[in-house]
Amino acid sequence: EEKPGLPEDRRSLGDPQATTSGGVAPENRDLREARIDAAGSETRPAFASIPGTARNAHPSWLAAMATGAGAIERSERAPEDQFFSNLRVVGQLHRLYLVCEAPNEIVLIDQHAAHERVQFERLRAGYRAGNVASQPLLFPITLELPPLEREAAEAYAPELLRIGFEIEPFGAGTVALKAAPALLRDSERTTVAVDLLGELARVGRASALDERVDHLLATLACHSAVRAGDPLTNQEAEALLQQLDGVDFQGNCPHGRPVVLRARLQDLERGFGRR
């Protein structure tokens with residue numbers, strides 16, 4: 001059965017493994033759980049229905065949530081198989097969140113955090129396999145850098161190359177950007193390269209290699225993900241949900257923000273006085 005895909009011109013929701021001049025990165029899976037809960041909440045399995053009961057009856061469930069009287073779960077552990085693919089997309093809220101329906105609950109998904117997690121997991125798998133897609137530039141971009149950033153470009157050249165950046169010395173105080181990750185928009189190549197070099201110059205060899213690489217990959221994932229404020233069609237939203245089922249999903253984006261919030265139907269009914 002053919003799954004919904006994304007229009008080719010929507011690079012913000014593109015696959016970082018897409019073969020341009022590089023290879024195809026594989027995918028993974030793992031996680032934890034954190035929960036925002038009201039007093040009197042009951043213990044429940046991760047990614048199950050939301051725990052908790054309202055302290056006081058309130059005519060508005062949303063207002064109750066805002067004052068801490070309701071209960072909402074922030075899920076950080078792996079859901080059941082095909083959980084995201086089986087959600088029904090209801091719509092997009094403020095061009096920030098996907099509103100989805102599941103049996104007996106409503107699911108809210110931060111579109112940027114979700115796509116950032118997808119991009120990060122695929123980039124990390126690609127890095128480990130040595131096949132992150134890279135796009136050679138027809139005309140290299142010259143960058144004037146402070147001494148520390150230029151030293152970082154030389155010291156971390158192998159690591160940068162493995163994530164798609166080919167950067168070489170080019171005269172005093174200057175480097176040439178000759179290739180960039182294929183998933184980046186053309187307008188972001190220079191900005192991301194400079195940001196990464198600045199971060200590498202700052203952390204130096206003080207951090208472990210895996211930590212440095214994960215930071216680089218998280219920055220790439222953030223820049224390549226769909227943005228807050230980007231309109232998504234239902235087809236694009238469904239494709240993003242399927243992508244979440246295809247990676248090593250973790251409940252937070254690489255920078256620590258939650259991806260998913262879930263609310264039980266019975267809590268909504270209680271808030272509206274139906275229970």
# chains A, B, ... in the order shown; residues from 1 in each chain; ligands from 1
$ select_by_dssp --residues "stretch 43-262 of chain A" --states "alpha helix (DSSP H)" --output "ChimeraX atom specification"
/A:61-66,111-129,147-155,157-162,189-203,209-224,234-245
$ closest_atom_pairs --of "stretch 90-191 of chain A" --to "stretch 227-233 of chain A" --cutoff "8 Å" --atoms "only C-alpha atoms" --output "Markdown table"
| residue | atom | partner | partner_atom | distance |
| --- | --- | --- | --- | --- |
| A:Gln92 | CA | A:Leu232 | CA | 7.3 |
| A:His94 | CA | A:Gly229 | CA | 7.3 |
| A:Arg95 | CA | A:Gly229 | CA | 4.6 |
| A:Leu96 | CA | A:Ala228 | CA | 5.0 |
| A:Gln111 | CA | A:Ala228 | CA | 7.0 |
| A:His112 | CA | A:Arg227 | CA | 5.3 |
$ select_by_dssp --residues "stretch 71-199 of chain A" --states "strand (DSSP E)" --output "number ranges by chain"
A: 73-74, 88-93, 97-102, 105-110, 134-144, 166-169, 174-181
$ closest_residue --among "A:Glu166, A:Glu238, A:Asp267, A:Glu151" --to "A:His115" --atoms "only C-alpha atoms"
A:Glu238
$ residues_around --residues "A:Arg88" --least-positions-apart "4" --cutoff "7 Å" --atoms "only C-alpha atoms" --output "list of chain:residue names"
A:Cys100, A:Glu101, A:Ala102
$ atom_distance --atom1 "atom CA of A:Asn252" --atom2 "atom CA of A:Glu269"
28.3 Å
$ residues_around --residues "A:Gly164" --least-positions-apart "4" --cutoff "9 Å" --atoms "only C-alpha atoms" --output "count of residues only"
12
$ closest_residue --among "A:Val175, A:Gly126, A:Glu121, A:Pro169" --to "A:Leu145" --atoms "only C-alpha atoms"
A:Val175
$ closest_residue --among "A:Leu93, A:Cys253, A:Leu143, A:Leu261" --to "A:Ala218" --atoms "only C-alpha atoms"
A:Cys253
$ residues_around --residues "stretch 191-199 of chain A" --least-positions-apart "4" --cutoff "8 Å" --atoms "only C-alpha atoms" --output "number ranges by chain"
A: 149-150, 152-153, 165, 187, 203, 216, 219-220, 223
$ residues_around --residues "A:Leu241" --least-positions-apart "3" --cutoff "10 Å" --atoms "only C-alpha atoms" --output "PyMOL selection string"
chain A and resi 82-89+98+109+111+114-115+118+235-238+244-246
$ write_last_selection --atoms "N, CA, C and O atoms" --output "compact mmCIF listing (two decimals), in the first residue's frame"
# COMPACT_ATOMS: atom_id res chain seq x y z
N GLN A 82 3.22 1.55 15.13
CA GLN A 82 2.39 2.33 14.20
C GLN A 82 1.43 3.27 14.91
O GLN A 82 0.37 3.62 14.37
N PHE A 83 1.79 3.70 16.12
CA PHE A 83 0.91 4.60 16.87
C PHE A 83 0.63 5.86 16.07
O PHE A 83 -0.51 6.29 15.91
N PHE A 84 1.67 6.51 15.57
CA PHE A 84 1.49 7.78 14.88
C PHE A 84 0.79 7.61 13.54
O PHE A 84 -0.07 8.41 13.17
N SER A 85 1.12 6.55 12.82
CA SER A 85 0.50 6.31 11.52
C SER A 85 -1.00 6.07 11.64
O SER A 85 -1.76 6.33 10.71
N ASN A 86 -1.42 5.55 12.78
CA ASN A 86 -2.84 5.24 12.98
C ASN A 86 -3.65 6.42 13.51
O ASN A 86 -4.87 6.31 13.67
N LEU A 87 -2.99 7.54 13.78
CA LEU A 87 -3.73 8.72 14.22
C LEU A 87 -4.49 9.34 13.05
O LEU A 87 -4.04 9.30 11.91
N ARG A 88 -5.65 9.92 13.36
CA ARG A 88 -6.39 10.66 12.34
C ARG A 88 -6.09 12.14 12.51
O ARG A 88 -6.30 12.70 13.59
N VAL A 89 -5.54 12.77 11.47
CA VAL A 89 -5.20 14.19 11.54
C VAL A 89 -6.48 15.00 11.46
O VAL A 89 -7.22 14.93 10.47
N LEU A 98 0.00 19.80 15.42
CA LEU A 98 -0.92 18.92 14.72
C LEU A 98 -1.91 18.38 15.74
O LEU A 98 -1.51 17.87 16.80
N ILE A 109 0.73 17.30 18.68
CA ILE A 109 2.12 17.07 18.28
C ILE A 109 2.74 18.39 17.83
O ILE A 109 2.18 19.08 16.97
N GLN A 111 4.86 20.27 15.60
CA GLN A 111 5.33 19.88 14.27
C GLN A 111 6.84 20.07 14.09
O GLN A 111 7.50 19.24 13.46
N ALA A 114 8.69 17.41 16.33
CA ALA A 114 8.52 16.08 15.77
C ALA A 114 9.44 15.87 14.56
O ALA A 114 10.15 14.86 14.46
N HIS A 115 9.43 16.84 13.64
CA HIS A 115 10.25 16.68 12.45
C HIS A 115 11.74 16.78 12.79
O HIS A 115 12.58 16.09 12.20
N VAL A 118 12.78 13.40 13.90
CA VAL A 118 12.93 12.52 12.74
C VAL A 118 14.26 12.78 12.05
O VAL A 118 15.03 11.86 11.75
N GLN A 235 -1.90 15.78 3.94
CA GLN A 235 -1.00 14.78 3.36
C GLN A 235 0.40 14.92 3.96
O GLN A 235 1.04 13.91 4.29
N GLU A 236 0.87 16.14 4.12
CA GLU A 236 2.19 16.36 4.71
C GLU A 236 2.20 15.97 6.18
O GLU A 236 3.17 15.39 6.68
N ALA A 237 1.11 16.29 6.90
CA ALA A 237 1.03 15.91 8.30
C ALA A 237 1.04 14.39 8.46
O ALA A 237 1.72 13.84 9.34
N GLU A 238 0.30 13.69 7.61
CA GLU A 238 0.27 12.23 7.67
C GLU A 238 1.65 11.64 7.35
O GLU A 238 2.08 10.65 7.96
N LEU A 244 7.61 9.50 11.97
CA LEU A 244 7.83 9.29 13.41
C LEU A 244 7.82 7.81 13.76
O LEU A 244 8.57 7.36 14.63
N ASP A 245 6.97 7.04 13.08
CA ASP A 245 6.93 5.60 13.33
C ASP A 245 8.16 4.90 12.76
O ASP A 245 8.43 3.76 13.11
N GLY A 246 8.88 5.57 11.88
CA GLY A 246 10.00 4.94 11.21
C GLY A 246 11.36 5.22 11.80
O GLY A 246 12.38 4.80 11.25
$ closest_residue --among "A:Phe120, A:Ala125, A:Ile167, A:Gly130" --to "A:His215" --atoms "only C-alpha atoms"
A:Phe120
$ atom_distance --atom1 "atom CA of A:Gly173" --atom2 "atom CA of A:Arg189"
19.2 Å
$ decode --residues "stretch 251-269 of chain A" --atoms "N, CA, C and O atoms" --output "PDB file, in the first residue's frame"
ATOM      1  N   GLY A 251      10.635  10.957  23.204  1.00  0.00           N
ATOM      2  CA  GLY A 251       9.564  11.893  23.487  1.00  0.00           C
ATOM      3  C   GLY A 251       9.936  13.350  23.400  1.00  0.00           C
ATOM      4  O   GLY A 251       9.066  14.209  23.403  1.00  0.00           O
ATOM      5  N   ASN A 252      11.237  13.660  23.322  1.00  0.00           N
ATOM      6  CA  ASN A 252      11.675  15.045  23.218  1.00  0.00           C
ATOM      7  C   ASN A 252      12.387  15.265  21.892  1.00  0.00           C
ATOM      8  O   ASN A 252      12.909  14.331  21.286  1.00  0.00           O
ATOM      9  N   CYS A 253      12.430  16.519  21.478  1.00  0.00           N
ATOM     10  CA  CYS A 253      13.292  16.874  20.357  1.00  0.00           C
ATOM     11  C   CYS A 253      14.730  16.831  20.864  1.00  0.00           C
ATOM     12  O   CYS A 253      14.960  16.734  22.073  1.00  0.00           O
ATOM     13  N   PRO A 254      15.722  16.906  19.981  1.00  0.00           N
ATOM     14  CA  PRO A 254      17.119  16.823  20.442  1.00  0.00           C
ATOM     15  C   PRO A 254      17.508  17.900  21.444  1.00  0.00           C
ATOM     16  O   PRO A 254      18.494  17.747  22.169  1.00  0.00           O
ATOM     17  N   HIS A 255      16.745  19.006  21.504  1.00  0.00           N
ATOM     18  CA  HIS A 255      17.064  20.073  22.446  1.00  0.00           C
ATOM     19  C   HIS A 255      16.254  19.973  23.745  1.00  0.00           C
ATOM     20  O   HIS A 255      16.334  20.850  24.588  1.00  0.00           O
ATOM     21  N   GLY A 256      15.479  18.893  23.878  1.00  0.00           N
ATOM     22  CA  GLY A 256      14.817  18.629  25.153  1.00  0.00           C
ATOM     23  C   GLY A 256      13.353  19.016  25.251  1.00  0.00           C
ATOM     24  O   GLY A 256      12.719  18.781  26.279  1.00  0.00           O
ATOM     25  N   ARG A 257      12.773  19.630  24.213  1.00  0.00           N
ATOM     26  CA  ARG A 257      11.355  19.994  24.289  1.00  0.00           C
ATOM     27  C   ARG A 257      10.485  18.786  23.955  1.00  0.00           C
ATOM     28  O   ARG A 257      10.845  17.975  23.102  1.00  0.00           O
ATOM     29  N   PRO A 258       9.315  18.666  24.599  1.00  0.00           N
ATOM     30  CA  PRO A 258       8.443  17.516  24.316  1.00  0.00           C
ATOM     31  C   PRO A 258       7.881  17.568  22.904  1.00  0.00           C
ATOM     32  O   PRO A 258       7.675  18.635  22.333  1.00  0.00           O
ATOM     33  N   VAL A 259       7.631  16.391  22.354  1.00  0.00           N
ATOM     34  CA  VAL A 259       7.066  16.260  21.013  1.00  0.00           C
ATOM     35  C   VAL A 259       5.560  16.053  21.067  1.00  0.00           C
ATOM     36  O   VAL A 259       4.825  16.581  20.236  1.00  0.00           O
ATOM     37  N   VAL A 260       5.102  15.290  22.061  1.00  0.00           N
ATOM     38  CA  VAL A 260       3.704  14.837  22.087  1.00  0.00           C
ATOM     39  C   VAL A 260       3.057  15.133  23.428  1.00  0.00           C
ATOM     40  O   VAL A 260       3.657  14.922  24.485  1.00  0.00           O
ATOM     41  N   LEU A 261       1.815  15.606  23.390  1.00  0.00           N
ATOM     42  CA  LEU A 261       0.959  15.714  24.570  1.00  0.00           C
ATOM     43  C   LEU A 261      -0.322  14.946  24.282  1.00  0.00           C
ATOM     44  O   LEU A 261      -0.848  15.008  23.169  1.00  0.00           O
ATOM     45  N   ARG A 262      -0.828  14.223  25.299  1.00  0.00           N
ATOM     46  CA  ARG A 262      -2.019  13.394  25.098  1.00  0.00           C
ATOM     47  C   ARG A 262      -3.037  13.668  26.194  1.00  0.00           C
ATOM     48  O   ARG A 262      -2.686  13.823  27.356  1.00  0.00           O
ATOM     49  N   ALA A 263      -4.299  13.730  25.837  1.00  0.00           N
ATOM     50  CA  ALA A 263      -5.377  13.972  26.793  1.00  0.00           C
ATOM     51  C   ALA A 263      -6.483  12.942  26.590  1.00  0.00           C
ATOM     52  O   ALA A 263      -6.906  12.703  25.455  1.00  0.00           O
ATOM     53  N   ARG A 264      -6.943  12.337  27.661  1.00  0.00           N
ATOM     54  CA  ARG A 264      -7.990  11.321  27.566  1.00  0.00           C
ATOM     55  C   ARG A 264      -9.349  11.947  27.287  1.00  0.00           C
ATOM     56  O   ARG A 264      -9.676  13.021  27.782  1.00  0.00           O
ATOM     57  N   LEU A 265     -10.130  11.239  26.526  1.00  0.00           N
ATOM     58  CA  LEU A 265     -11.492  11.682  26.241  1.00  0.00           C
ATOM     59  C   LEU A 265     -12.293  11.808  27.531  1.00  0.00           C
ATOM     60  O   LEU A 265     -13.085  12.741  27.693  1.00  0.00           O
ATOM     61  N   GLN A 266     -12.082  10.898  28.479  1.00  0.00           N
ATOM     62  CA  GLN A 266     -12.864  10.950  29.715  1.00  0.00           C
ATOM     63  C   GLN A 266     -12.534  12.197  30.536  1.00  0.00           C
ATOM     64  O   GLN A 266     -13.391  12.718  31.247  1.00  0.00           O
ATOM     65  N   ASP A 267     -11.293  12.709  30.408  1.00  0.00           N
ATOM     66  CA  ASP A 267     -10.958  13.946  31.103  1.00  0.00           C
ATOM     67  C   ASP A 267     -11.657  15.136  30.450  1.00  0.00           C
ATOM     68  O   ASP A 267     -12.080  16.069  31.131  1.00  0.00           O
ATOM     69  N   LEU A 268     -11.764  15.098  29.129  1.00  0.00           N
ATOM     70  CA  LEU A 268     -12.517  16.144  28.434  1.00  0.00           C
ATOM     71  C   LEU A 268     -13.976  16.091  28.859  1.00  0.00           C
ATOM     72  O   LEU A 268     -14.603  17.124  29.138  1.00  0.00           O
ATOM     73  N   GLU A 269     -14.539  14.899  28.898  1.00  0.00           N
ATOM     74  CA  GLU A 269     -15.946  14.747  29.289  1.00  0.00           C
ATOM     75  C   GLU A 269     -16.173  15.216  30.720  1.00  0.00           C
ATOM     76  O   GLU A 269     -17.188  15.843  31.032  1.00  0.00           O
TER      77      GLU A 269
END
